[in-house]
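Dropping target22.txt in here (compact mmCIF, C-alpha atoms and all ligand atoms):
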```
# COMPACT_ATOMS: atom_id res chain seq x y z
CA MET A 190 9.55 -76.03 65.67
CA THR A 191 11.12 -73.15 67.63
CA SER A 192 9.92 -69.89 66.25
CA THR A 193 12.45 -67.14 65.55
CA ARG A 194 9.59 -64.72 65.27
CA GLN A 195 10.08 -61.48 67.18
CA ASN A 196 7.30 -60.03 69.25
CA TYR A 197 7.77 -56.29 69.72
CA ARG A 198 5.98 -55.68 73.03
CA GLU A 199 5.79 -52.32 74.79
CA TYR A 200 4.41 -51.84 78.28
CA VAL A 201 2.60 -48.63 77.41
CA ALA A 202 -1.18 -48.24 77.27
CA GLY A 203 -2.26 -48.04 73.66
CA ARG A 204 0.74 -49.97 72.34
CA ALA A 205 0.77 -53.64 71.35
CA ASN A 206 1.59 -55.89 74.30
CA VAL A 207 0.43 -59.46 73.72
CA GLU A 208 2.36 -62.21 75.54
CA ASP A 209 3.48 -65.27 73.60
CA THR A 210 1.61 -68.50 74.24
CA PRO A 211 1.96 -71.86 72.50
CA GLU A 212 -1.51 -71.34 71.04
CA LEU A 213 -0.60 -67.93 69.60
CA ALA A 214 2.71 -69.23 68.26
CA ALA A 215 0.82 -71.95 66.38
CA TYR A 216 -1.63 -69.35 65.15
CA TYR A 217 1.19 -67.13 63.86
CA ASP A 218 2.67 -70.15 62.04
CA GLU A 219 -0.68 -70.81 60.41
CA LEU A 220 -0.95 -67.19 59.26
CA GLU A 221 2.55 -67.34 57.87
CA THR A 222 1.67 -70.21 55.56
CA PHE A 223 -0.85 -67.85 53.94
CA SER A 224 1.68 -64.99 53.72
CA ALA A 225 -0.07 -63.06 56.46
CA GLY A 226 0.74 -61.99 60.02
CA ALA A 227 -0.73 -60.51 63.20
CA LEU A 228 -0.19 -56.76 63.29
CA TRP A 229 0.26 -56.65 67.08
CA THR A 230 3.54 -58.63 66.81
CA VAL A 231 5.13 -55.97 64.60
CA ALA A 232 3.10 -52.79 65.21
CA ASN A 233 5.57 -51.27 67.68
CA LYS A 234 8.38 -51.87 65.20
CA ILE A 235 6.71 -50.53 62.08
CA GLU A 236 5.19 -47.57 63.92
CA PRO A 237 8.04 -46.11 65.96
CA TRP A 238 7.20 -43.19 68.25
CA GLU A 239 9.43 -40.99 66.16
CA PRO A 240 11.53 -41.40 63.00
CA LYS A 241 14.25 -44.01 63.43
CA SER A 242 17.01 -43.68 60.89
CA ASP A 243 19.08 -46.71 59.89
CA SER A 244 21.73 -44.29 58.66
CA LEU A 245 24.69 -43.48 60.89
CA PRO A 246 26.04 -39.95 61.13
CA MET A 247 29.18 -40.24 59.00
CA ILE A 248 32.05 -38.20 57.66
CA TRP A 249 34.02 -39.00 54.51
CA ARG A 250 37.28 -37.07 54.66
CA TYR A 251 38.72 -36.00 51.32
CA ASN A 252 42.20 -36.57 52.64
CA ASP A 253 41.36 -40.27 53.10
CA LEU A 254 39.51 -40.74 49.82
CA ARG A 255 41.23 -38.53 47.23
CA ASP A 256 44.17 -40.84 46.41
CA HIS A 257 41.84 -43.82 46.11
CA VAL A 258 39.54 -41.89 43.81
CA LEU A 259 42.47 -40.89 41.59
CA ARG A 260 43.70 -44.47 41.52
CA SER A 261 40.50 -45.61 39.80
CA VAL A 262 41.74 -43.75 36.70
CA ASP A 263 44.47 -46.38 36.25
CA LEU A 264 42.11 -49.25 36.99
CA VAL A 265 39.05 -48.63 34.80
CA SER A 266 38.10 -46.53 31.79
CA PRO A 267 34.93 -44.41 31.70
CA GLU A 268 33.89 -46.42 28.61
CA LYS A 269 33.97 -49.68 30.56
CA ALA A 270 32.72 -48.35 33.88
CA GLY A 271 29.97 -46.19 32.38
CA ARG A 272 30.77 -43.67 35.07
CA ARG A 273 34.00 -43.82 37.01
CA VAL A 274 32.72 -43.12 40.49
CA ILE A 275 33.61 -44.12 44.03
CA TYR A 276 30.37 -44.03 45.97
CA LEU A 277 29.85 -43.23 49.64
CA GLU A 278 28.30 -46.10 51.53
CA ASN A 279 26.58 -45.54 54.85
CA PRO A 280 27.14 -48.66 57.00
CA GLY A 281 23.43 -48.68 57.83
CA ARG A 282 22.35 -48.33 54.18
CA LYS A 283 24.59 -50.76 52.28
CA GLU A 284 21.72 -52.66 50.70
CA VAL A 285 20.41 -49.60 48.91
CA ALA A 286 23.78 -47.95 48.17
CA ALA A 287 22.78 -44.82 50.04
CA ALA A 288 25.08 -42.31 51.72
CA VAL A 289 22.21 -41.29 53.99
CA GLY A 290 18.50 -42.14 54.03
CA TRP A 291 17.38 -42.47 50.41
CA LEU A 292 20.16 -40.33 48.94
CA TYR A 293 23.14 -41.56 46.97
CA SER A 294 26.47 -39.78 46.64
CA GLY A 295 29.78 -40.49 44.93
CA LEU A 296 33.04 -38.92 43.81
CA GLN A 297 33.51 -38.97 40.05
CA VAL A 298 36.93 -38.52 38.48
CA MET A 299 37.85 -37.75 34.87
CA HIS A 300 41.11 -37.02 33.15
CA PRO A 301 41.65 -34.52 30.33
CA GLY A 302 40.34 -35.87 27.03
CA GLU A 303 37.99 -38.37 28.68
CA ARG A 304 34.28 -38.41 27.94
CA ALA A 305 31.56 -40.55 29.52
CA SER A 306 28.61 -41.75 27.46
CA ALA A 307 25.31 -39.89 27.50
CA HIS A 308 22.38 -41.40 29.36
CA ARG A 309 19.22 -40.49 31.19
CA HIS A 310 17.29 -41.91 34.10
CA SER A 311 14.33 -41.28 36.36
CA ALA A 312 16.64 -40.42 39.23
CA SER A 313 17.53 -36.74 39.58
CA ALA A 314 21.20 -35.85 39.84
CA LEU A 315 23.47 -33.00 40.78
CA ARG A 316 27.19 -32.27 40.74
CA PHE A 317 29.29 -30.18 43.06
CA ILE A 318 32.70 -29.45 41.58
CA MET A 319 35.60 -30.23 43.90
CA GLU A 320 38.80 -29.78 41.91
CA GLY A 321 40.31 -29.54 38.46
CA SER A 322 39.73 -27.44 35.37
CA GLY A 323 38.25 -28.03 31.94
CA ALA A 324 35.30 -30.21 33.03
CA TYR A 325 31.99 -29.80 31.31
CA THR A 326 28.56 -31.39 31.43
CA ILE A 327 25.98 -31.45 28.67
CA VAL A 328 22.33 -31.51 29.78
CA ASP A 329 19.71 -31.88 27.03
CA GLY A 330 22.08 -30.25 24.53
CA HIS A 331 23.12 -27.41 26.86
CA LYS A 332 26.85 -27.42 27.50
CA MET A 333 28.09 -26.07 30.83
CA THR A 334 31.64 -25.37 31.84
CA LEU A 335 32.38 -26.39 35.42
CA LYS A 336 34.54 -24.64 37.98
CA ARG A 337 35.35 -25.16 41.64
CA ASN A 338 32.28 -25.06 43.89
CA ASP A 339 29.88 -24.73 40.97
CA PHE A 340 26.61 -26.60 41.50
CA VAL A 341 25.05 -28.29 38.48
CA LEU A 342 21.71 -30.03 37.87
CA THR A 343 20.99 -33.04 35.72
CA PRO A 344 17.28 -33.40 36.47
CA ASN A 345 15.29 -36.59 36.00
CA GLY A 346 14.69 -37.50 32.38
CA THR A 347 17.37 -35.20 30.94
CA TRP A 348 20.13 -36.60 28.73
CA HIS A 349 23.48 -35.94 30.31
CA GLU A 350 27.15 -36.66 29.88
CA HIS A 351 30.37 -35.42 31.39
CA ALA A 352 33.83 -34.80 30.00
CA VAL A 353 37.09 -32.96 30.58
CA ALA A 354 38.62 -30.92 27.75
CA GLU A 355 42.00 -31.99 26.33
CA ASN A 356 43.71 -28.93 27.83
CA GLY A 357 42.12 -29.42 31.28
CA THR A 358 43.46 -31.08 34.44
CA PRO A 359 42.18 -34.16 36.33
CA CYS A 360 38.75 -33.27 37.71
CA ILE A 361 36.82 -34.59 40.69
CA TRP A 362 33.27 -33.72 41.57
CA GLN A 363 30.62 -34.96 43.96
CA ASP A 364 27.58 -36.61 42.42
CA GLY A 365 24.32 -36.51 44.37
CA LEU A 366 21.29 -38.52 43.29
CA ASP A 367 17.99 -39.82 44.62
CA ILE A 368 18.62 -43.30 43.16
CA PRO A 369 17.74 -45.12 46.43
CA LEU A 370 14.48 -43.15 46.74
CA VAL A 371 13.42 -43.74 43.15
CA ASN A 372 14.26 -47.45 43.52
CA CYS A 373 12.32 -47.59 46.79
CA LEU A 374 9.36 -46.17 44.89
CA GLU A 375 10.03 -48.75 42.14
CA ALA A 376 10.02 -46.05 39.49
CA ASN A 377 13.55 -46.06 38.05
CA PHE A 378 14.10 -46.21 34.28
CA TYR A 379 17.50 -45.96 32.60
CA GLU A 380 18.44 -45.35 28.96
CA VAL A 381 21.72 -45.06 27.12
CA HIS A 382 21.73 -42.36 24.43
CA PRO A 383 21.37 -43.98 20.98
CA ASP A 384 24.44 -42.11 19.70
CA LEU A 385 26.34 -42.42 23.02
CA GLN A 386 26.88 -38.64 22.76
CA GLN A 387 24.67 -35.59 22.41
CA ALA A 388 24.96 -32.72 20.02
CA THR A 389 25.39 -29.37 21.77
CA ASN A 390 22.67 -27.23 20.28
CA TYR A 391 22.96 -24.02 22.26
CA PRO A 392 25.57 -21.40 23.22
CA VAL A 393 27.78 -22.58 26.10
CA ASP A 394 26.34 -21.81 29.57
CA ASP A 395 23.18 -20.31 27.99
CA MET A 396 20.79 -21.51 30.73
CA THR A 397 22.73 -19.78 33.51
CA LYS A 398 23.08 -16.62 31.41
CA ALA A 399 19.33 -16.54 30.74
CA TRP A 400 17.94 -17.58 34.12
CA GLY A 401 20.66 -16.71 36.60
CA ASN A 402 20.19 -12.95 36.89
CA PRO A 403 19.03 -11.88 40.35
CA GLY A 404 15.66 -10.16 40.27
CA LEU A 405 15.33 -10.50 36.51
CA THR A 406 13.64 -13.13 34.40
CA PRO A 407 13.67 -13.44 30.60
CA VAL A 408 10.48 -12.20 28.92
CA GLY A 409 8.94 -14.93 26.81
CA GLY A 410 11.17 -17.51 28.45
CA ALA A 411 8.44 -20.08 29.00
CA TRP A 412 9.45 -22.99 31.23
CA GLU A 413 6.94 -25.60 32.32
CA LYS A 414 9.21 -28.39 33.51
CA GLY A 415 9.23 -29.52 37.14
CA TYR A 416 12.86 -28.51 37.64
CA SER A 417 14.90 -25.36 37.41
CA PRO A 418 15.92 -24.13 33.93
CA MET A 419 19.07 -22.74 35.51
CA PHE A 420 21.17 -25.87 35.20
CA LYS A 421 24.32 -24.34 36.71
CA TYR A 422 24.73 -22.18 39.82
CA GLU A 423 28.17 -20.65 39.88
CA TRP A 424 30.22 -20.24 43.04
CA GLU A 425 31.14 -16.54 42.81
CA PRO A 426 27.58 -15.12 42.74
CA THR A 427 26.53 -17.63 45.39
CA TYR A 428 29.30 -16.60 47.75
CA GLU A 429 28.70 -12.94 47.03
CA ALA A 430 24.98 -13.27 47.80
CA LEU A 431 25.74 -15.06 51.07
CA SER A 432 28.33 -12.47 52.08
CA ARG A 433 25.88 -9.66 51.37
CA LEU A 434 23.16 -11.36 53.39
CA ALA A 435 25.65 -11.92 56.22
CA GLU A 436 26.30 -8.16 56.34
CA ASN A 437 22.62 -7.55 56.95
CA SER A 438 21.38 -10.51 58.92
CA ASP A 439 22.38 -12.84 61.73
CA GLY A 440 20.60 -15.63 59.91
CA SER A 441 19.03 -18.55 61.72
CA PRO A 442 20.22 -19.57 65.19
CA PHE A 443 20.34 -23.15 63.88
CA ASP A 444 21.95 -22.66 60.48
CA GLY A 445 23.64 -19.29 60.44
CA VAL A 446 23.31 -17.40 57.17
CA MET A 447 21.93 -19.84 54.67
CA MET A 448 20.45 -19.55 51.19
CA ASN A 449 18.58 -22.06 49.10
CA TYR A 450 19.38 -22.65 45.47
CA ILE A 451 16.03 -22.13 43.78
CA ASN A 452 14.14 -22.69 40.58
CA PRO A 453 13.86 -19.05 39.39
CA VAL A 454 10.48 -19.77 37.78
CA THR A 455 8.75 -21.01 40.94
CA GLY A 456 10.97 -19.82 43.79
CA GLY A 457 10.85 -23.44 44.96
CA PRO A 458 13.51 -26.15 45.11
CA VAL A 459 15.82 -26.80 42.15
CA MET A 460 14.38 -30.24 41.45
CA GLN A 461 11.20 -32.06 42.48
CA THR A 462 12.94 -34.50 44.80
CA ILE A 463 16.20 -32.79 45.76
CA GLY A 464 16.78 -29.40 47.36
CA ALA A 465 20.13 -27.70 47.91
CA SER A 466 21.57 -24.85 49.92
CA MET A 467 24.78 -23.06 50.80
CA GLN A 468 25.40 -21.64 54.24
CA ILE A 469 28.08 -19.46 55.68
CA LEU A 470 29.28 -19.75 59.27
CA ARG A 471 31.07 -16.61 60.34
CA PRO A 472 34.39 -16.80 62.20
CA GLY A 473 33.75 -18.31 65.63
CA GLU A 474 30.04 -18.86 64.95
CA LYS A 475 28.37 -21.80 66.70
CA THR A 476 24.79 -22.68 65.88
CA ARG A 477 22.19 -24.06 68.24
CA ALA A 478 21.13 -27.70 67.93
CA HIS A 479 17.93 -28.76 66.25
CA ARG A 480 16.61 -31.72 64.35
CA HIS A 481 14.23 -32.24 61.49
CA THR A 482 12.94 -34.93 59.20
CA GLY A 483 14.75 -35.44 55.89
CA SER A 484 18.24 -36.63 54.99
CA TYR A 485 21.12 -34.23 54.44
CA LEU A 486 24.53 -34.51 52.80
CA TYR A 487 26.97 -31.67 53.42
CA GLN A 488 30.20 -30.76 51.73
CA CYS A 489 32.53 -28.17 53.21
CA ALA A 490 33.12 -25.76 50.32
CA LYS A 491 35.34 -23.33 52.24
CA GLY A 492 37.11 -23.07 55.59
CA ALA A 493 36.95 -25.56 58.45
CA GLY A 494 34.86 -26.34 61.48
CA TYR A 495 32.93 -29.12 63.14
CA SER A 496 29.41 -30.44 63.52
CA ILE A 497 27.97 -32.27 66.49
CA ILE A 498 25.51 -34.89 65.32
CA ASN A 499 23.59 -36.91 67.92
CA GLY A 500 26.19 -35.97 70.50
CA LYS A 501 29.24 -36.91 68.42
CA ARG A 502 31.71 -34.37 67.10
CA PHE A 503 32.83 -34.50 63.45
CA ASP A 504 35.63 -32.16 62.46
CA TRP A 505 35.58 -31.11 58.83
CA THR A 506 37.69 -29.15 56.45
CA GLU A 507 37.39 -28.14 52.80
CA ARG A 508 36.02 -30.98 50.59
CA ASP A 509 35.02 -33.27 53.47
CA ILE A 510 31.53 -34.69 53.14
CA PHE A 511 29.30 -35.62 56.08
CA CYS A 512 25.68 -36.60 56.57
CA VAL A 513 22.89 -35.75 58.97
CA PRO A 514 20.28 -38.54 59.08
CA SER A 515 16.60 -37.81 59.52
CA TRP A 516 15.64 -36.57 63.00
CA ALA A 517 19.27 -36.47 64.20
CA TRP A 518 20.22 -33.57 66.48
CA HIS A 519 22.84 -31.43 64.81
CA GLU A 520 24.69 -28.16 65.24
CA HIS A 521 27.54 -26.61 63.26
CA ALA A 522 30.52 -24.51 64.26
CA ASN A 523 33.20 -22.54 62.47
CA ALA A 524 36.44 -23.38 64.27
CA SER A 525 38.40 -20.43 62.89
CA ASP A 526 38.32 -16.88 64.20
CA GLY A 527 39.63 -15.40 60.96
CA GLU A 528 37.95 -17.11 58.01
CA ASP A 529 34.35 -17.89 57.28
CA ALA A 530 33.25 -21.46 56.57
CA CYS A 531 30.78 -22.53 53.89
CA LEU A 532 28.73 -25.70 53.79
CA PHE A 533 27.03 -26.92 50.64
CA CYS A 534 24.09 -29.23 51.37
CA PHE A 535 21.68 -31.30 49.32
CA ASN A 536 18.68 -33.07 50.78
CA ASP A 537 15.30 -34.68 50.19
CA LEU A 538 13.38 -31.78 51.77
CA PRO A 539 11.17 -31.23 48.70
CA VAL A 540 9.91 -34.81 49.15
CA MET A 541 9.33 -34.40 52.88
CA LYS A 542 7.49 -31.12 52.35
CA ALA A 543 5.42 -32.25 49.35
CA LEU A 544 4.26 -35.30 51.29
CA GLY A 545 3.45 -33.35 54.45
CA LEU A 546 6.16 -35.14 56.44
CA TYR A 547 8.40 -32.22 57.40
CA ARG A 548 8.82 -31.59 61.12
CA GLU A 549 11.45 -29.81 63.17
CA GLU A 550 12.33 -29.33 66.81
CA ALA A 551 14.81 -27.11 68.68
CA PHE A 552 17.08 -28.62 71.32
CA GLY A 553 16.41 -27.68 74.96
CA ASP A 554 16.28 -24.05 76.06
CA ASN A 555 19.68 -23.63 77.74
CA GLY A 556 21.32 -22.28 74.59
CA GLY A 557 20.44 -25.52 72.90
CA HIS A 558 23.78 -27.37 72.67
CA GLN A 559 23.95 -31.15 72.78
CA PRO A 560 26.05 -32.92 75.39
CA LEU A 561 28.93 -34.79 73.74
CA VAL A 562 28.76 -38.55 74.05
CA GLY A 563 31.50 -41.20 73.81
O1 LIG A 601 26.14 -39.28 36.07
O2 LIG A 601 24.01 -39.58 36.26
O3 LIG A 601 27.54 -41.19 40.56
O4 LIG A 601 23.58 -42.10 36.97
C1 LIG A 601 25.77 -42.53 39.79
C2 LIG A 601 24.76 -42.74 38.89
C3 LIG A 601 26.40 -40.55 38.62
C4 LIG A 601 25.17 -39.82 36.60
C5 LIG A 601 26.58 -41.42 39.65
C6 LIG A 601 24.56 -41.87 37.85
C7 LIG A 601 25.38 -40.77 37.71
```
Let me see the structure of the file written as structure tokens.
Amino acid sequence: MTSTRQNYREYVAGRANVEDTPELAAYYDELETFSAGALWTVANKIEPWEPKSDSLPMIWRYNDLRDHVLRSVDLVSPEKAGRRVIYLENPGRKEVAAAVGWLYSGLQVMHPGERASAHRHSASALRFIMEGSGAYTIVDGHKMTLKRNDFVLTPNGTWHEHAVAENGTPCIWQDGLDIPLVNCLEANFYEVHPDLQQATNYPVDDMTKAWGNPGLTPVGGAWEKGYSPMFKYEWEPTYEALSRLAENSDGSPFDGVMMNYINPVTGGPVMQTIGASMQILRPGEKTRAHRHTGSYLYQCAKGAGYSIINGKRFDWTERDIFCVPSWAWHEHANASDGEDACLFCFNDLPVMKALGLYREEAFGDNGGHQPLVG
């Protein structure tokens, strides 16, 4: 029998480098019959010198996708589909339905008067509102109204459902979830709400009103959960905070002026597995290149510019979504000299940091810009 077994040899001291012989091939076959194998045939593959992402740097342009997303409204109902979403599929991550690394993302569309059924799952989720008016989400009985560029949490284990009011307009938002990660960890549970809908037990937008006041926290407002009690982060205060910081700081040479959305109770990330940020690139600003572990999905929330990822340039404008895979070199630029550009980003940084796997590196020392390839 001719073996199709691969032998990953490297001619470097300390790395596996065993030549194939008929005797070893027979030995490997024997091991295989007992569901076992020789480490030295695979060691160089399973222990790369540095992180090797299967994800490709990708951009999903809103201009390409929007009409197709809207078309799904005529094709399926939210009742039948559960959630009417067009998901973003990284060519290197098709098997796990990931947009990058272990992160999922999709574009959800709802028409006025539509309502999706309530459910909960072990995966953590977020929404970033792209267009339309009248959308709302209910999370564990807390109803939140949703506007352009608002950022909303539906943390793991919380009941949630989405709808658009009768007097609203067609709404599209980006969903972001850690479904691939939770599946990889074999820890995903899913439940449909017994009544298919939740009662709204609190004043509208109460969690943001209670927890979203800079420098102030409610007395007696105990919160022990592993995620932020501030379920919605509105665009206006976010942009205002960034603009104020930009007046006083040059920010990071790699990211410009950037702020993390935080859990106001801990100062840490908004959810246990997913972090999020918004950054502002001032007119003409070009950041230096760096790379770090973790997977990142960006959405341009304002303006236009481009990012160079592993030597390839991706031009983006408002509502385009692009990804930076783990350990990929990347730098961002605002192409305009009049308007600032804002990038929303969500990522698995809390996982990388909690597990001690976060690492970063700056590119070169000659200003740190990548050469363009291709
Ligand atoms: O609304 O929680 O795009 O569970 C995919 C899976 C959205 C959601 C998606 C989900 C959700």
For A:Lys421, please output as a PyMOL selection string all residues within 10 Å (counting all atoms listed in the file; exclusion window: fewer than 3 positions along the same chain). chain A and resi 315-317+326+333-335+339-343+394-398+400-401+417-418+424
Between A:Leu370, A:Cys489, A:Val562, A:Leu470, which has the minimum distance to A:Ser525 (counting all atoms listed in the file)?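 Among the listed residues, A:Leu470 lies closest to A:Ser525.
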Restricting the calculation to only C-alpha atoms and all ligand atoms: of A:His310, A:Arg198, A:His558, A:His331, which residue gets closest to ligand LIG 601 (chain A)? A:His310
Please check which protein, DNA or RNA residues sit within 9 Å of ligand LIG 601 (chain A), counting only C-alpha atoms and all ligand atoms, and write them as a short mmCIF file (atom, residue, chain, number, x, y, z; two decimals) with C-alpha atoms, in the frame of the given file.
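So part-v7.cif came out as:
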```
data_model
loop_
_atom_site.label_atom_id
_atom_site.label_comp_id
_atom_site.auth_asym_id
_atom_site.auth_seq_id
_atom_site.Cartn_x
_atom_site.Cartn_y
_atom_site.Cartn_z
CA GLY A 271 29.97 -46.19 32.38
CA ARG A 272 30.77 -43.67 35.07
CA ARG A 273 34.00 -43.82 37.01
CA VAL A 274 32.72 -43.12 40.49
CA ILE A 275 33.61 -44.12 44.03
CA TYR A 276 30.37 -44.03 45.97
CA TYR A 293 23.14 -41.56 46.97
CA SER A 294 26.47 -39.78 46.64
CA GLY A 295 29.78 -40.49 44.93
CA LEU A 296 33.04 -38.92 43.81
CA GLN A 297 33.51 -38.97 40.05
CA ALA A 305 31.56 -40.55 29.52
CA ALA A 307 25.31 -39.89 27.50
CA HIS A 308 22.38 -41.40 29.36
CA ARG A 309 19.22 -40.49 31.19
CA HIS A 310 17.29 -41.91 34.10
CA ALA A 312 16.64 -40.42 39.23
CA SER A 313 17.53 -36.74 39.58
CA ALA A 314 21.20 -35.85 39.84
CA LEU A 315 23.47 -33.00 40.78
CA ARG A 316 27.19 -32.27 40.74
CA THR A 343 20.99 -33.04 35.72
CA TRP A 348 20.13 -36.60 28.73
CA HIS A 349 23.48 -35.94 30.31
CA GLU A 350 27.15 -36.66 29.88
CA HIS A 351 30.37 -35.42 31.39
CA GLN A 363 30.62 -34.96 43.96
CA ASP A 364 27.58 -36.61 42.42
CA GLY A 365 24.32 -36.51 44.37
CA LEU A 366 21.29 -38.52 43.29
CA ILE A 368 18.62 -43.30 43.16
CA TYR A 379 17.50 -45.96 32.60
#
```
May I have the residues within 9 Å of A:Arg477 as a compact mmCIF listing (two decimals) with C-alpha atoms, in the coordinates of the input, using all atoms listed in the file and disregarding those fewer than 3 positions away in the same chain?
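Written file, part-v4.txt:
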```txt
# COMPACT_ATOMS: atom_id res chain seq x y z
CA PRO A 442 20.22 -19.57 65.19
CA PHE A 443 20.34 -23.15 63.88
CA ASP A 444 21.95 -22.66 60.48
CA HIS A 519 22.84 -31.43 64.81
CA GLU A 520 24.69 -28.16 65.24
CA HIS A 521 27.54 -26.61 63.26
CA ALA A 551 14.81 -27.11 68.68
CA PHE A 552 17.08 -28.62 71.32
CA GLY A 556 21.32 -22.28 74.59
CA GLY A 557 20.44 -25.52 72.90
CA HIS A 558 23.78 -27.37 72.67
CA GLN A 559 23.95 -31.15 72.78
```
Hey, can you check how far atom CA of A:Asp529 sits from atom CA of A:Ile469?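 Going from atom CA of A:Asp529 over to atom CA of A:Ile469 covers 6.7 Å.
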Could N, CA, C and O atoms be built for stretch 330-346 of chain A and written out as a short mmCIF file (atom, residue, chain, number, x, y, z; two decimals), keeping the file's coordinate frame?
```
data_model
loop_
_atom_site.label_atom_id
_atom_site.label_comp_id
_atom_site.auth_asym_id
_atom_site.auth_seq_id
_atom_site.Cartn_x
_atom_site.Cartn_y
_atom_site.Cartn_z
N GLY A 330 21.48 -31.08 25.59
CA GLY A 330 22.08 -30.25 24.53
C GLY A 330 22.71 -28.96 25.01
O GLY A 330 23.36 -28.26 24.23
N HIS A 331 22.53 -28.64 26.31
CA HIS A 331 23.12 -27.41 26.86
C HIS A 331 24.47 -27.74 27.50
O HIS A 331 24.52 -28.49 28.48
N LYS A 332 25.51 -27.14 26.96
CA LYS A 332 26.85 -27.42 27.50
C LYS A 332 27.18 -26.42 28.60
O LYS A 332 26.96 -25.21 28.44
N MET A 333 27.71 -26.94 29.71
CA MET A 333 28.09 -26.07 30.83
C MET A 333 29.52 -26.32 31.23
O MET A 333 29.92 -27.47 31.42
N THR A 334 30.28 -25.24 31.35
CA THR A 334 31.64 -25.37 31.84
C THR A 334 31.58 -25.40 33.38
O THR A 334 30.72 -24.76 33.98
N LEU A 335 32.48 -26.16 33.97
CA LEU A 335 32.38 -26.39 35.42
C LEU A 335 33.64 -25.91 36.14
O LEU A 335 34.76 -26.28 35.77
N LYS A 336 33.40 -25.12 37.17
CA LYS A 336 34.54 -24.64 37.98
C LYS A 336 34.32 -25.03 39.43
O LYS A 336 33.21 -25.37 39.84
N ARG A 337 35.36 -24.89 40.21
CA ARG A 337 35.35 -25.16 41.64
C ARG A 337 34.11 -24.61 42.34
O ARG A 337 33.75 -23.46 42.15
N ASN A 338 33.44 -25.46 43.10
CA ASN A 338 32.28 -25.06 43.89
C ASN A 338 31.05 -24.68 43.08
O ASN A 338 30.08 -24.17 43.64
N ASP A 339 31.10 -24.90 41.75
CA ASP A 339 29.88 -24.73 40.97
C ASP A 339 28.94 -25.90 41.30
O ASP A 339 29.39 -27.01 41.60
N PHE A 340 27.65 -25.62 41.19
CA PHE A 340 26.61 -26.60 41.50
C PHE A 340 25.78 -26.78 40.23
O PHE A 340 25.30 -25.80 39.66
N VAL A 341 25.65 -28.02 39.78
CA VAL A 341 25.05 -28.29 38.48
C VAL A 341 23.92 -29.32 38.60
O VAL A 341 24.05 -30.30 39.34
N LEU A 342 22.85 -29.10 37.85
CA LEU A 342 21.71 -30.03 37.87
C LEU A 342 21.70 -30.92 36.64
O LEU A 342 21.97 -30.45 35.53
N THR A 343 21.37 -32.18 36.84
CA THR A 343 20.99 -33.04 35.72
C THR A 343 19.68 -33.69 36.13
O THR A 343 19.65 -34.81 36.63
N PRO A 344 18.57 -32.95 35.94
CA PRO A 344 17.28 -33.40 36.47
C PRO A 344 16.78 -34.70 35.84
O PRO A 344 17.27 -35.09 34.78
N ASN A 345 15.79 -35.30 36.48
CA ASN A 345 15.29 -36.59 36.00
C ASN A 345 14.79 -36.47 34.56
O ASN A 345 14.17 -35.48 34.17
N GLY A 346 15.14 -37.46 33.76
CA GLY A 346 14.69 -37.50 32.38
C GLY A 346 15.54 -36.72 31.40
O GLY A 346 15.30 -36.78 30.19
#
```
